[in-house]
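Asks: This is work.cif (mmCIF, C-alpha atoms and all ligand atoms).
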data_data
loop_
_atom_site.label_atom_id
_atom_site.label_comp_id
_atom_site.auth_asym_id
_atom_site.auth_seq_id
_atom_site.Cartn_x
_atom_site.Cartn_y
_atom_site.Cartn_z
CA MET B 27 17.62 -19.30 55.64
CA THR B 28 14.64 -21.51 54.89
CA GLY B 29 11.62 -19.23 55.33
CA SER B 30 9.89 -17.76 52.33
CA ARG B 31 10.33 -14.13 51.50
CA THR B 32 7.48 -11.87 52.27
CA ARG B 33 6.50 -8.71 50.44
CA LEU B 34 5.77 -5.58 52.46
CA PHE B 35 5.14 -1.94 51.63
CA HIS B 36 6.54 1.34 52.90
CA ARG B 37 5.10 4.65 51.80
CA THR B 38 7.32 7.70 51.83
CA THR B 39 8.19 10.88 49.97
CA ALA B 40 10.01 10.78 46.64
CA VAL B 41 13.06 12.42 48.26
CA SER B 42 13.18 9.90 51.11
CA ALA B 43 12.69 7.02 48.66
CA ARG B 44 15.82 8.07 46.79
CA VAL B 45 17.78 8.21 50.05
CA ILE B 46 16.50 4.78 51.09
CA LEU B 47 17.40 3.22 47.76
CA ARG B 48 20.88 4.72 47.92
CA SER B 49 21.78 4.46 51.60
CA GLY B 50 19.21 2.24 53.26
CA PHE B 51 16.46 2.83 55.79
CA THR B 52 16.76 5.07 58.85
CA ASP B 53 14.91 4.40 62.08
CA ALA B 54 12.11 6.75 63.07
CA THR B 55 11.05 7.21 66.67
CA GLY B 56 7.61 7.98 68.00
CA LYS B 57 5.06 6.97 70.58
CA TYR B 58 2.51 5.86 67.94
CA LEU B 59 -0.45 6.28 70.30
CA THR B 60 1.25 4.36 73.10
CA ASP B 61 2.92 5.49 76.34
CA THR B 62 6.47 4.63 75.35
CA GLU B 63 8.79 5.43 72.50
CA HIS B 64 9.24 2.95 69.68
CA THR B 65 11.87 2.92 67.01
CA GLY B 66 11.96 1.40 63.58
CA VAL B 67 10.60 1.54 60.05
CA TRP B 68 6.90 1.04 59.39
CA LEU B 69 5.97 -1.64 56.90
CA SER B 70 2.55 -3.05 56.00
CA ASP B 71 1.40 -6.06 54.03
CA ARG B 72 -0.65 -3.88 51.70
CA PRO B 73 -0.22 -0.30 50.50
CA LEU B 74 -1.81 2.13 52.93
CA ASP B 75 -3.01 5.60 52.03
CA GLU B 76 -1.20 8.34 53.84
CA ALA B 77 -0.68 12.07 53.47
CA ALA B 78 -0.43 13.22 49.88
CA GLU B 79 3.26 14.07 50.12
CA PHE B 80 3.96 10.39 50.82
CA ASP B 81 3.57 9.75 47.13
CA THR B 82 6.14 7.02 46.63
CA LEU B 83 5.48 3.38 47.44
CA LEU B 84 8.38 1.03 48.12
CA VAL B 85 8.08 -2.72 48.07
CA VAL B 86 10.35 -4.47 50.55
CA GLU B 87 11.09 -8.17 50.20
CA ILE B 88 12.54 -9.93 53.20
CA ALA B 89 12.41 -13.32 54.91
CA GLY B 90 9.18 -13.50 56.87
CA GLU B 91 10.83 -14.78 60.04
CA LEU B 92 12.98 -11.65 60.22
CA VAL B 93 10.02 -9.27 60.41
CA GLU B 94 7.47 -11.36 62.32
CA PRO B 95 9.02 -10.53 65.74
CA TYR B 96 8.31 -6.87 64.96
CA GLU B 97 4.66 -7.17 64.06
CA TRP B 98 2.54 -4.35 65.47
CA VAL B 99 -0.60 -6.19 66.46
CA GLU B 100 -3.83 -4.27 66.97
CA GLU B 101 -7.30 -5.63 67.51
CA GLY B 102 -9.49 -5.66 64.41
CA LYS B 103 -6.93 -4.29 61.98
CA PRO B 104 -7.52 -5.69 58.48
CA TYR B 105 -3.88 -5.57 57.47
CA ARG B 106 -0.58 -6.51 59.09
CA GLU B 107 1.87 -3.86 60.16
CA PHE B 108 5.45 -4.11 61.33
CA LEU B 109 7.88 -1.73 63.01
CA VAL B 110 11.21 -3.18 61.97
CA PRO B 111 14.66 -1.88 62.96
CA ALA B 112 16.35 -0.24 59.99
CA ALA B 113 19.44 -2.39 60.60
CA VAL B 114 17.42 -5.58 60.00
CA LEU B 115 16.03 -4.23 56.74
CA ASN B 116 19.34 -2.85 55.54
CA ALA B 117 21.04 -6.19 56.14
CA ALA B 118 18.46 -8.48 54.59
CA ALA B 119 15.81 -6.75 52.49
CA THR B 120 15.59 -5.88 48.83
CA VAL B 121 13.80 -2.62 48.07
CA ALA B 122 12.21 -1.31 44.89
CA VAL B 123 9.82 1.45 43.90
CA VAL B 124 6.30 0.33 42.94
CA ASP B 125 4.44 1.82 40.03
CA GLU B 126 1.04 2.22 41.60
CA PRO B 127 -2.30 2.02 39.89
CA VAL B 128 -3.72 5.52 39.87
CA ILE B 129 -5.98 6.22 42.81
CA SER B 130 -7.50 9.62 43.43
CA GLU B 131 -5.54 10.82 46.41
CA PRO B 132 -5.93 10.79 49.33
CA ASP B 133 -9.08 8.76 48.99
CA THR B 134 -10.76 8.51 52.34
CA LYS B 135 -13.50 6.21 51.06
CA LEU B 136 -10.87 3.72 50.02
CA ILE B 137 -9.32 3.83 53.47
CA ILE B 138 -12.69 3.23 55.08
CA ALA B 139 -13.36 0.26 52.80
CA ALA B 140 -9.97 -1.16 53.69
CA LEU B 141 -10.50 -0.66 57.41
CA SER B 142 -13.80 -2.52 57.21
CA GLY B 143 -11.97 -5.44 55.64
CA GLU B 144 -13.32 -5.24 52.11
CA ASP B 145 -11.24 -6.59 49.27
CA VAL B 146 -13.26 -5.54 46.24
CA GLY B 147 -14.73 -2.20 45.27
CA SER B 148 -16.35 -0.33 42.41
CA PHE B 149 -14.03 1.80 40.35
CA ARG B 150 -14.97 4.32 37.67
CA CYS B 151 -12.82 4.31 34.58
CA CYS B 152 -11.34 7.77 34.10
CA GLY B 153 -11.46 7.25 30.32
CA CYS B 154 -15.03 6.13 29.63
CA ASP B 155 -16.79 6.44 33.03
CA ARG B 156 -17.82 2.79 33.08
CA ILE B 157 -17.88 1.10 36.48
CA GLU B 158 -15.90 -2.06 37.11
CA GLU B 159 -15.54 -4.23 40.20
CA LEU B 160 -11.84 -4.49 40.96
CA GLY B 161 -9.69 -5.62 43.85
CA LEU B 162 -8.83 -2.84 46.28
CA TRP B 163 -5.26 -4.02 46.63
CA SER B 164 -4.45 -5.92 43.47
CA GLU B 165 -2.99 -4.20 40.48
CA ARG B 166 -5.78 -2.64 38.42
CA PRO B 167 -5.78 -3.69 34.75
CA PRO B 168 -6.39 -1.34 31.83
CA CYS B 169 -10.09 -0.70 31.12
CA ARG B 170 -11.38 -3.43 28.85
CA TRP B 171 -13.57 -0.98 26.95
CA CYS B 172 -11.30 2.00 26.37
CA GLY B 173 -7.88 0.89 27.58
CA ALA B 174 -7.47 3.72 30.07
CA THR B 175 -5.37 2.81 33.10
CA ALA B 176 -6.67 5.37 35.60
CA TRP B 177 -9.45 4.30 37.97
CA GLN B 178 -11.29 6.28 40.57
CA TYR B 179 -12.63 4.47 43.60
CA VAL B 180 -16.43 4.79 43.91
CA SER B 181 -17.59 2.42 46.61
CA SER B 182 -17.45 -1.16 47.77
ZN ZN B 201 -12.74 2.90 30.11
#
Show the structure stored in the file as structure tokens.
Ligand SMILES: [Zn+2]
Replies:
Amino acid sequence: MTGSRTRLFHRTTAVSARVILRSGFTDATGKYLTDTEHTGVWLSDRPLDEAAEFDTLLVVEIAGELVEPYEWVEEGKPYREFLVPAAVLNAAATVAVVDEPVISEPDTKLIIAALSGEDVGSFRCCGCDRIEELGLWSERPPCRWCGATAWQYVSS
């Protein structure tokens, strides 16, 4: 295999994450706003906010050419999404749990900023209330004034 490995994300519940890490992914089936049924595991190229019970973020590393045939292309979507058969992932992917930067959940403003394609936003430090411009999707560093690691999204 010559292609580079790509890093994708899958958000799930803590219980499901444990099952995935132990036994691998399981296909889900749904219509996903289309007319026909589709089967696979949803992955995205950046963490997406979902329902609060989906509180565990998995990072999935796999050769890019294995997932590209399963890209779920939609007009104007600012991130890439894939619906990959579980068998492909279980054969070729490495999976780990991500320690996420703290985001107030579920933060609809953050979702809106992401959907409008913004990469940077204003975050309020939960320790000292100072505002810092930080990447929406990069790991957020500790506050340089007070060292707190929790940030609340304010606006872009
Ligand atoms: Zn601070």
Asks: Using all atoms listed in the file for the distances, tell me which of B:Glu165, B:Glu107, B:Asp155, B:Glu94 is nearest to ligand ZN 201 (chain B).
Replies: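 The shortest atom-to-atom distance to ligand ZN 201 (chain B) comes from B:Asp155.
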Asks: Neighbouring residues of B:Arg170 were defined as those with any atom within 10 Å, considering all atoms listed in the file; residues of the same chain fewer than 2 positions away were excluded. Please report them as a PyMOL selection string.
Replies: chain B and resi 151+156+158+167-168+172-175
Asks: Please, what distance in Å, to one decimal, runs between atom CA of B:Thr120 and atom CA of B:Trp68?
Replies: 15.3 Å
Asks: If I take atom CA of B:Val110 and atom CA of B:Val146, how far is one from the other in Å, to one decimal?
Replies: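 These atoms are spaced 29.2 Å apart.
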Asks: List as a list of chain:residue names the protein and nucleic acid residues near B:Cys152, meaning an atom at most 7 Å away when only C-alpha atoms are counted, but skip any in the same chain fewer than 2 places from it.
Replies: B:Arg150, B:Cys154, B:Asp155, B:Ala174, B:Ala176, B:Trp177, B:Gln178
Asks: My list of candidates is B:Val180, B:Val124, B:Val93, B:Ile157. Which is closest to ligand ZN 201 (chain B) when distances are computed with all atoms listed in the file?
Replies: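 Comparing B:Val180, B:Val124, B:Val93, B:Ile157 against ligand ZN 201 (chain B), the winner is B:Ile157.
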Asks: Atom CA of B:Ala117 to atom CA of B:Ser164: how many Å, to one decimal?
Replies: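 It comes out at 28.5 Å.
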Asks: Which residues come within 8 Å of B:Thr65, counting all atoms listed in the file, excluding same-chain residues fewer than 6 positions away, as a ChimeraX atom specification?
Replies: /B:53-56,109-111
Asks: So, counting all atoms listed in the file, which residue among B:Ser70, B:Val123, B:Trp171, B:Glu87 is closest to ligand ZN 201 (chain B)?
Replies: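 Of all the options, B:Trp171 lies closest to ligand ZN 201 (chain B).
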Asks: B:Val121, B:Arg106, B:Ser30, B:Glu159: which is nearest B:Leu74, counting all atoms listed in the file?
Replies: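 Closest residue, counting all atoms listed in the file: B:Arg106.
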Asks: Could you check the closest approach to B:Thr32 for each of B:Val99, B:Leu162, B:Leu83, B:Leu69 and tell me which residue wins, using only C-alpha atoms?
Replies: B:Leu69
Asks: Go through B:Tyr96, B:Ala118, B:Cys169, B:Tyr58 and flag the residue nearest ligand ZN 201 (chain B), using all atoms listed in the file for the distances.
Replies: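 Distance minimum relative to ligand ZN 201 (chain B) lands on B:Cys169.
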Asks: Could you tell me, as an NGL selection string, which residues have any atom at most 8 Å from (7.6, 0.9, 48.4), counting all atoms listed in the file?
Replies: :B and (34-38 or 43 or 82-86 or 121-124)
